[in-house]
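Asker: Can you read through this structure? Questions will come right after.
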Number of protein chains: 2
Amino acid sequence: MNMQADDRRPRRSRKKNGGVTLSDIAKLAGVSAITASRALNTPEQVSEETLARIRAAVERTGYVPNLLAGGLASNRSRLVAAVVPSLATPVFLEAIEALTATLVTYGYQLMLGQSGYNNSREDALIDAIIGRRPDGIVLTGILHSEQGRKRLHASGIPVVETWDLTPTPIDMLVGFSHQGVGEAAADFLSSKGRRRLATISGDDERAQRRRKAFGRRVLQHGLTEEGGAEAPDVVVSTPTTVGGGRQALARLLDIHPDVDAVFCSSDWLALGVLIEAQARGLSIPARLAVMGFGDHAFAADLHPALTSMRIDGTRIGQTAARLIIARAEGRPVAEPVCDIGFSIIERDSA
Amino acid sequence: MNMQADDRRPRRSRKKNGGVTLSDIAKLAGVSAITASRALNTPEQVSEETLARIRAAVERTGYVPNLLAGGLASNRSRLVAAVVPSLATPVFLEAIEALTATLVTYGYQLMLGQSGYNNSREDALIDAIIGRRPDGIVLTGILHSEQGRKRLHASGIPVVETWDLTPTPIDMLVGFSHQGVGEAAADFLSSKGRRRLATISGDDERAQRRRKAFGRRVLQHGLTEEGGAEAPDVVVSTPTTVGGGRQALARLLDIHPDVDAVFCSSDWLALGVLIEAQARGLSIPARLAVMGFGDHAFAADLHPALTSMRIDGTRIGQTAARLIIARAEGRPVAEPVCDIGFSIIERDSA
DNA sequence: CAGTTCAATGTTAGCGCTACCATTCGCGCC
DNA sequence: GGCGCGAATGGTAGCGCTAACATTGAACTG
């Protein structure tokens, strides 16, 4: 009956990782844990000599701070999540690359999620992301489910949507007008004297918006085949490919042999069009003007060089990073919505 | 002098996130926190009705578990980090895409780091990654510094290196022989009756290894320009581009006008070669055989269709994911080194 | 029917870090 | 001399979760 005092041996303690921890460093340097923490995070608050001793201890032990613990304690994970439909779509890559680069310089890390082009897995992805409590979320080119939007909102995490200009952003926004792109393309081609304008587009929502704006503008210019009909178009399934472009041009010419200009919803499609035209002996731009979208690196190097619509992905990525970092660090964001525009890069194909 | 008892009001508690926590769920469902935890992680340990109540509470509140806290407590972050030199290199993308997809199905998330093509930032990146205590790290196509290798080793985190077969892997390995690729390309082109073989290569270490193996094999076949010299080559800087390929072919033909076959270290270069050849009116493959590397999606759709060397990136990604998950879940890994090989996809250009 | 087992649940004590407040000490000021 | 101030450091109590062990009660055993 002496179940007391010394009798209760300490229960076996949880197995430690064995790794070096901050308090090991503190002990080595002869300071308290909190001072060691400050030495690493806000070194200006620590005296020179203390700093030196702590740094030496870090060096000696190869200590790497546990950011999970730090994030839990400080409620700042220094993680930013980005969601892309697919990595295979190079238009997003430039932005992601710039995003990563900018984040890294501020000490943030990028977590990447692929939503796929279907919305089914999207909610699960959103939960997985929110669960890590990132300091920000960058959404690229997806229409997220209502459920997902709600979750994001409720989480209170800064969100930047990109590649589009919606009237009802979840939070912040860096994008451009797809309608504007479609209209500008139509204006450009007709200013070049083209009279039978057509489009070849991926079937994603944004590409369709460009296509429709293009079609409407063509109508306004009075440039339709037989008065009043829409501009000819072929829709291919996303992701867009070179092969898709080739087939699409073949189909287009079957139905509308007199088309003299094509606006493609990606440079891949445009490359396919160039190749198919070449295979058929159609001269470009004499017989057919071709215009791409995205201004991929290869556009300038094709023969003929491809006229394309440039979206400054680097700027999108940088801007998104800056918006998120500002919010994460509690600075107010003056312009939560940013239209970065687009520009036509005129080369030889149109 | 009564600084005692009731006098010490509870110090102001740390500001809570305001978010729903597991114990909120537990309270709502009338169980203890640990039971709620089990309901979410190992539902088979919880009775049907308890499970239902907990699920209802989760549903009602929109609770999303804090994986930082979970990772800290369980020492399993369910995060896997991948390091790529650059996202702009599409060869890696296929593997990354497959990696993400496979990880997601097992409940893991991908964290992405870009090392750039220079090693300077690499160590900082490695530390940032280790700091998050991922359950695994996948390295794609980099030669990491000795310092970095040591850190990785010391961290005890499972590591998979990919895209190469080194005799001294840090841990696990999924790759193929670059030497084998170079030799196979030389064999293939000479089997096609080509006699003046050349290469156009990026300047990264692996591409150079392919190039050298190719050159040696050419020597063995006795196919050099003027007895004993190496196979002609042009080296372009990474990342490889279409424009780089065009210029390289121009240079190559300037110096060695009788070259009749080119092995390119990427499909981008090969596309550039195709375009430059077309611009110069060189017929392919009659006058010049062209072979790419990577078998990018566009290769089949070019005109002429591009012969290329296929690396099964999807399989690399899946294998890497499986290796890491196995290790993370404590299962033994029978084959820590996996050679996934390569294959020549013969099309029209060679 | 005491003894064993097992399924379901609970208690406690951290994981490694940082927020919050407190303390100490030297310095300049009136 | 007393006071205020700011720089440097420390103590304590969590952050939200789960490992490790403890407890309970019902079902089963011989």
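Labels for the structure tokens follow display order: chains A, B, ..., residues from 1 in each chain, ligands from 1.
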Find the nearest atom pair between each residue of chain A and chain B for residues within 6 Å, count only C-alpha atoms, give distances in Å to one decimal, sort rows by chain and ascending number, and present the table as a tab-separated table.
Answerer:
residue	atom	partner	partner_atom	distance
A:Val64	CA	B:Gly131	CA	5.7
A:Pro65	CA	B:Gly131	CA	5.5
A:Asn66	CA	B:Gly131	CA	4.9
A:Leu67	CA	B:Arg132	CA	5.2
A:Leu68	CA	B:Leu68	CA	5.3
A:Leu110	CA	B:Leu112	CA	5.9
A:Met111	CA	B:Met111	CA	4.2
A:Leu112	CA	B:Met111	CA	5.7
A:Gly131	CA	B:Asn66	CA	4.8
A:Arg132	CA	B:Leu67	CA	5.1
A:Val242	CA	B:Phe298	CA	5.7
A:Gly243	CA	B:Asp301	CA	5.0
A:Phe298	CA	B:Val242	CA	5.7
A:Asp301	CA	B:Gly243	CA	5.0
Asker: Keeping only N, CA and C atoms, write the selected residues to a file as a PDB file, in the first residue's frame.
Answerer:
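As a result, result-v7.pdb now contains:
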ATOM      1  N   VAL A  64      20.306  22.505 -36.861  1.00  0.00           N
ATOM      2  CA  VAL A  64      19.342  23.078 -37.797  1.00  0.00           C
ATOM      3  C   VAL A  64      18.024  23.260 -37.044  1.00  0.00           C
ATOM      4  N   PRO A  65      17.542  24.489 -36.927  1.00  0.00           N
ATOM      5  CA  PRO A  65      16.328  24.743 -36.138  1.00  0.00           C
ATOM      6  C   PRO A  65      15.146  23.928 -36.663  1.00  0.00           C
ATOM      7  N   ASN A  66      14.342  23.469 -35.771  1.00  0.00           N
ATOM      8  CA  ASN A  66      13.140  22.741 -36.162  1.00  0.00           C
ATOM      9  C   ASN A  66      12.032  23.741 -36.457  1.00  0.00           C
ATOM     10  N   LEU A  67      11.766  23.921 -37.729  1.00  0.00           N
ATOM     11  CA  LEU A  67      10.795  24.939 -38.124  1.00  0.00           C
ATOM     12  C   LEU A  67       9.360  24.526 -37.829  1.00  0.00           C
ATOM     13  N   LEU A  68       9.143  23.244 -37.631  1.00  0.00           N
ATOM     14  CA  LEU A  68       7.802  22.826 -37.234  1.00  0.00           C
ATOM     15  C   LEU A  68       7.503  23.390 -35.851  1.00  0.00           C
ATOM     16  N   LEU A 110       8.637  27.304 -50.531  1.00  0.00           N
ATOM     17  CA  LEU A 110       7.456  27.066 -51.359  1.00  0.00           C
ATOM     18  C   LEU A 110       6.973  25.634 -51.210  1.00  0.00           C
ATOM     19  N   MET A 111       5.689  25.481 -51.010  1.00  0.00           N
ATOM     20  CA  MET A 111       5.106  24.153 -51.031  1.00  0.00           C
ATOM     21  C   MET A 111       4.228  24.102 -52.263  1.00  0.00           C
ATOM     22  N   LEU A 112       4.335  23.026 -53.033  1.00  0.00           N
ATOM     23  CA  LEU A 112       3.632  22.992 -54.303  1.00  0.00           C
ATOM     24  C   LEU A 112       2.529  21.949 -54.302  1.00  0.00           C
ATOM     25  N   GLY A 131      -3.802  22.730 -43.511  1.00  0.00           N
ATOM     26  CA  GLY A 131      -3.298  21.995 -42.356  1.00  0.00           C
ATOM     27  C   GLY A 131      -1.871  22.332 -42.001  1.00  0.00           C
ATOM     28  N   ARG A 132      -1.107  22.775 -42.980  1.00  0.00           N
ATOM     29  CA  ARG A 132       0.282  23.147 -42.684  1.00  0.00           C
ATOM     30  C   ARG A 132       0.392  24.596 -42.254  1.00  0.00           C
ATOM     31  N   VAL A 242       1.535  20.213 -79.201  1.00  0.00           N
ATOM     32  CA  VAL A 242       1.902  20.460 -80.584  1.00  0.00           C
ATOM     33  C   VAL A 242       1.019  19.622 -81.507  1.00  0.00           C
ATOM     34  N   GLY A 243       0.849  18.344 -81.136  1.00  0.00           N
ATOM     35  CA  GLY A 243       0.016  17.467 -81.962  1.00  0.00           C
ATOM     36  C   GLY A 243      -1.404  17.997 -82.059  1.00  0.00           C
ATOM     37  N   PHE A 298      10.724  29.481 -76.660  1.00  0.00           N
ATOM     38  CA  PHE A 298      11.054  29.027 -78.009  1.00  0.00           C
ATOM     39  C   PHE A 298      10.455  29.899 -79.105  1.00  0.00           C
ATOM     40  N   ASP A 301      12.649  31.690 -81.468  1.00  0.00           N
ATOM     41  CA  ASP A 301      13.626  30.890 -82.198  1.00  0.00           C
ATOM     42  C   ASP A 301      13.011  30.047 -83.304  1.00  0.00           C
TER      43      ASP A 301
END
Asker: Restrict the distance test to only C-alpha atoms (C1' of nucleotides), flag each residue of chain D within 10 Å of chain A, and return the flagged residues as a PyMOL selection string.
Answerer: chain D and resi 7-11+14-16+19-21
Asker: Nearest residue to chain A out of C:DT18, C:DT23, C:DT9, C:DT4, using only C-alpha atoms (C1' of nucleotides)?
Answerer: C:DT18
Asker: At a cut-off of 8 Å, which residues of chain C touch chain A? Count only C-alpha atoms (C1' of nucleotides) and give the answer as an MDAnalysis selection string.
Answerer: chainID C and resid 14:19
Asker: I need the strand (DSSP E) residues of stretch 113-293 of chain A per DSSP on the backbone, written as an NGL selection string.
Answerer: :A and (113-114 or 136-140 or 159-162 or 172-175 or 197-202 or 233-236 or 261-264 or 289-293)
Asker: Name the residues of stretch 65-306 of chain B that come out as alpha helix (DSSP H) in a backbone DSSP run; write them as an NGL selection string.
Answerer: :B and (67-74 or 90-105 or 122-131 or 146-155 or 178-191 or 205-220 or 242-255 or 267-279)
Asker: I'd like the interatomic distance between atom CA of B:Pro336 and atom CA of B:Asp312, to a tenth of an Å.
Answerer: 18.2 Å
Asker: Show which residues sit within 12 Å of A:Ile200, as number ranges by chain. Count only C-alpha atoms (C1' of nucleotides), and ignore same-chain residues fewer than 4 positions away.
Answerer: A: 182, 207-208, 210-212, 214-215, 231-238, 240-242, 244-253, 259, 261-273, 290-293
Asker: If we count only C-alpha atoms (C1' of nucleotides), what is near B:Phe188 at a cut-off of 12 Å, once residues fewer than 4 positions away on the same chain are taken out, given as a list in words?
Answerer: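 In the requested form, the answer reads Gly180, Val181, Gly182, Glu183, Ala184, Lys192, Gly193, Arg194, Arg195, Leu197, Phe214, Arg217, Val218, His221, Ala261, Val262, Phe263, Ala289, Val290, Met291, Thr307, Ser308, Met309, Ser343, Ile344, Ile345, Glu346 and Ala350 of chain B.
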